[in-house]
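Here is the structure we will look at.
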Amino acid sequence: MSPEPEKRIRFVSDRMLGTLCRYLRFMGYDTISANSLSKSNSLEDTLLLRIALGEGRVLLTRDRELAGRAGPAGVLVRSDDVMEQVKQLLNTGLIDAELRMTRCSLCNTELREATTGEIAGADYAPKDNDGFLFFFCPNCQKLYWNGSHGKHLADRIGQQLGWKG
């Protein structure tokens with residue numbers, strides 16, 4: 001797990017980019033998702049713009065009109081395919097090609113090193129956990145480790161983008 005640099009780009013994404021949002025979190029980017037907002041908000045686009053501009057975040061959207069309203073703070077994500085979406089952000093220099101695993105993929109909270117008790121209390125953790133690094137989301141109470149899922153994700157991203165995480 002690499003420390004998160006202070007001046008990394010932060011994102012806010014619309015509802016159409018849930019998978020990209022999780023990938024960005026796995027890559028260590030502070031990414032707010034519209035999926036965490038109330039679904040009944042008829043002014044959601046305005047709220048996303050307010051978040052982007054107020055917090056200095058880049059707005060990622062599949063909505064051409066919303067991207068236009070955001071101006072330089074917005075990025076129109078062109079593809080429906082998550083790997084093409086990641087490639088677009090990489091090619092525009094908005095993200096670095098590295099899998100960091102420093103944020104919870106569900107809630108965006110920064111992960112911390114897990115305690116022995118947290119590891120033992122997670123029935124889904126590997127029983128033979130020698131050689132694994134464990135991290136914990138204090139908000140979701142979710143345990144993460146550098147196991148086969150992380151390796152599979154790094155390999156998938158690496159194969160698609162030509163880099164190793």
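Ordering of the structure tokens sets the chain letters (A, B, ...), residue numbers begin anew at 1 in every chain, and ligands are numbered from 1 in the order given.
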
Range 70-86 of chain A environment, 10 Å, only C-alpha atoms, sequence neighbours closer than 2 positions dropped, as a PyMOL selection string: chain A and resi 11-13+16-21+23-24+45-46+48-50+52-53+56-68+88-92+94-97+156-157+160-161

Resulting file, chosen residues, C-alpha atoms, as a PDB file, in the first residue's frame:
```
ATOM      1  CA  PHE A  11     -12.956  12.958  -8.728  1.00  0.00           C
ATOM      2  CA  VAL A  12     -16.738  12.952  -8.538  1.00  0.00           C
ATOM      3  CA  SER A  13     -18.568  10.602 -10.920  1.00  0.00           C
ATOM      4  CA  MET A  16     -23.395   5.856 -15.058  1.00  0.00           C
ATOM      5  CA  LEU A  17     -19.769   5.365 -13.948  1.00  0.00           C
ATOM      6  CA  GLY A  18     -20.070   3.146 -10.854  1.00  0.00           C
ATOM      7  CA  THR A  19     -17.528   0.567 -12.018  1.00  0.00           C
ATOM      8  CA  LEU A  20     -15.033   3.259 -13.056  1.00  0.00           C
ATOM      9  CA  CYS A  21     -15.491   4.839  -9.634  1.00  0.00           C
ATOM     10  CA  TYR A  23     -11.504   1.130 -10.199  1.00  0.00           C
ATOM     11  CA  LEU A  24     -10.322   4.660  -9.404  1.00  0.00           C
ATOM     12  CA  ASP A  45     -26.486  17.321 -11.919  1.00  0.00           C
ATOM     13  CA  THR A  46     -26.366  20.714 -10.203  1.00  0.00           C
ATOM     14  CA  LEU A  48     -22.477  17.140  -8.797  1.00  0.00           C
ATOM     15  CA  LEU A  49     -21.301  20.407 -10.345  1.00  0.00           C
ATOM     16  CA  ARG A  50     -21.381  22.095  -6.947  1.00  0.00           C
ATOM     17  CA  ALA A  52     -16.794  19.346  -8.296  1.00  0.00           C
ATOM     18  CA  LEU A  53     -16.309  23.109  -8.205  1.00  0.00           C
ATOM     19  CA  GLY A  56     -11.788  21.082  -6.557  1.00  0.00           C
ATOM     20  CA  ARG A  57     -12.749  17.710  -8.015  1.00  0.00           C
ATOM     21  CA  VAL A  58     -12.881  16.624 -11.653  1.00  0.00           C
ATOM     22  CA  LEU A  59     -16.414  15.663 -12.685  1.00  0.00           C
ATOM     23  CA  LEU A  60     -16.538  12.428 -14.689  1.00  0.00           C
ATOM     24  CA  THR A  61     -19.731  11.919 -16.660  1.00  0.00           C
ATOM     25  CA  ARG A  62     -21.233  10.122 -19.648  1.00  0.00           C
ATOM     26  CA  ASP A  63     -23.690  13.038 -20.041  1.00  0.00           C
ATOM     27  CA  ARG A  64     -22.501  15.419 -22.782  1.00  0.00           C
ATOM     28  CA  GLU A  65     -24.648  18.315 -21.517  1.00  0.00           C
ATOM     29  CA  LEU A  66     -23.374  17.934 -17.928  1.00  0.00           C
ATOM     30  CA  ALA A  67     -19.765  17.763 -19.110  1.00  0.00           C
ATOM     31  CA  GLY A  68     -20.337  20.969 -21.074  1.00  0.00           C
ATOM     32  CA  GLN A  88      -9.033   7.562 -21.541  1.00  0.00           C
ATOM     33  CA  LEU A  89      -8.169   9.016 -18.118  1.00  0.00           C
ATOM     34  CA  LEU A  90      -4.648   7.605 -18.332  1.00  0.00           C
ATOM     35  CA  ASN A  91      -4.112   9.011 -21.838  1.00  0.00           C
ATOM     36  CA  THR A  92      -5.270  12.466 -20.764  1.00  0.00           C
ATOM     37  CA  LEU A  94      -5.494  12.572 -15.135  1.00  0.00           C
ATOM     38  CA  ILE A  95      -4.404   9.320 -13.492  1.00  0.00           C
ATOM     39  CA  ASP A  96      -1.237   7.321 -13.015  1.00  0.00           C
ATOM     40  CA  ALA A  97      -0.973   3.688 -13.991  1.00  0.00           C
ATOM     41  CA  ARG A 156      -6.520  -7.404 -15.832  1.00  0.00           C
ATOM     42  CA  ILE A 157      -5.694  -3.727 -15.740  1.00  0.00           C
ATOM     43  CA  GLN A 160      -5.383  -3.913 -20.952  1.00  0.00           C
ATOM     44  CA  LEU A 161      -3.172  -0.909 -20.359  1.00  0.00           C
TER      45      LEU A 161
END
```

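Residues of chain A carrying a DSSP assignment of strand (DSSP E), computed from the backbone, are Phe11, Val12, Ser13, Thr31, Ile32, Ser33, Val58, Leu59, Leu60, Thr61, Gly74, Val75, Leu76, Arg112, Glu113, Phe134, Phe135, Phe136, Cys137, Lys142, Leu143, Tyr144 and Trp145 of chain A.
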
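In terms of minimum interatomic distance to Asn139 in chain A, A:Arg112 ranks closest within A:Arg69, A:Arg15, A:Lys151, A:Arg112, counting only C-alpha atoms.
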
Residue with smallest distance to Glu44 in chain A - pool A:Arg25, A:Asp14, A:Glu110, A:Thr102, counting only C-alpha atoms: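 The shortest atom-to-atom distance to Glu44 in chain A comes from A:Asp14.
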
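Between Ser33 in chain A and the residues A:Ala122, A:Met101, A:Cys107, A:Ile9, the shortest atom-to-atom distance, using only C-alpha atoms, involves A:Cys107.
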
Residues of range 48-138 of chain A in helix (DSSP H, G or I), written as number ranges by chain: A: 48-55, 64-73, 82-91, 116-120

Identify, on the basis of only C-alpha atoms, every residue whose closest approach to range 26-29 of chain A does not exceed 7 Å; exclude the query and any residue fewer than 6 positions from it along the same chain; express the result as a CSV table (one decimal) with C-alpha atoms, in the first residue's frame.
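Listed below is the output, out-v6.csv:
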```csv
chain,number,residue,atom,x,y,z
A,10,ARG,CA,-9.8,14.0,-6.8
A,98,GLU,CA,-0.7,2.1,-10.5
A,99,LEU,CA,-2.9,0.0,-8.4
A,100,ARG,CA,-2.6,1.3,-4.9
A,101,MET,CA,-5.4,-0.2,-2.8
A,102,THR,CA,-5.5,2.7,-0.4
A,103,ARG,CA,-9.2,3.4,-0.5
A,105,SER,CA,-13.9,0.4,-3.0
```

Computed interatomic separation between CA of Gly147 in chain A and CA of Phe132 in chain A (Å): 6.8 Å

Nearest residue to Thr109 in chain A from the set A:Lys142, A:His152, A:Arg8, A:Lys39 (distances using only C-alpha atoms): A:Lys142

For Asn129 in chain A: contacts at 10 Å, only C-alpha atoms, fewer than 3 positions along chain excluded, given as a PyMOL selection string: chain A and resi 119-120+125-126+132-134+145+147

Straight-line distance linking CA of Ala114 in chain A with CA of Leu143 in chain A, stated in Å to one decimal: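 Taking CA of Ala114 in chain A as the start and CA of Leu143 in chain A as the end point, the length is 7.4 Å.
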
One-decimal distance in Å that lies between CA of Asn146 in chain A and CA of Ala34 in chain A: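 Distance between the two atoms: 28.1 Å.
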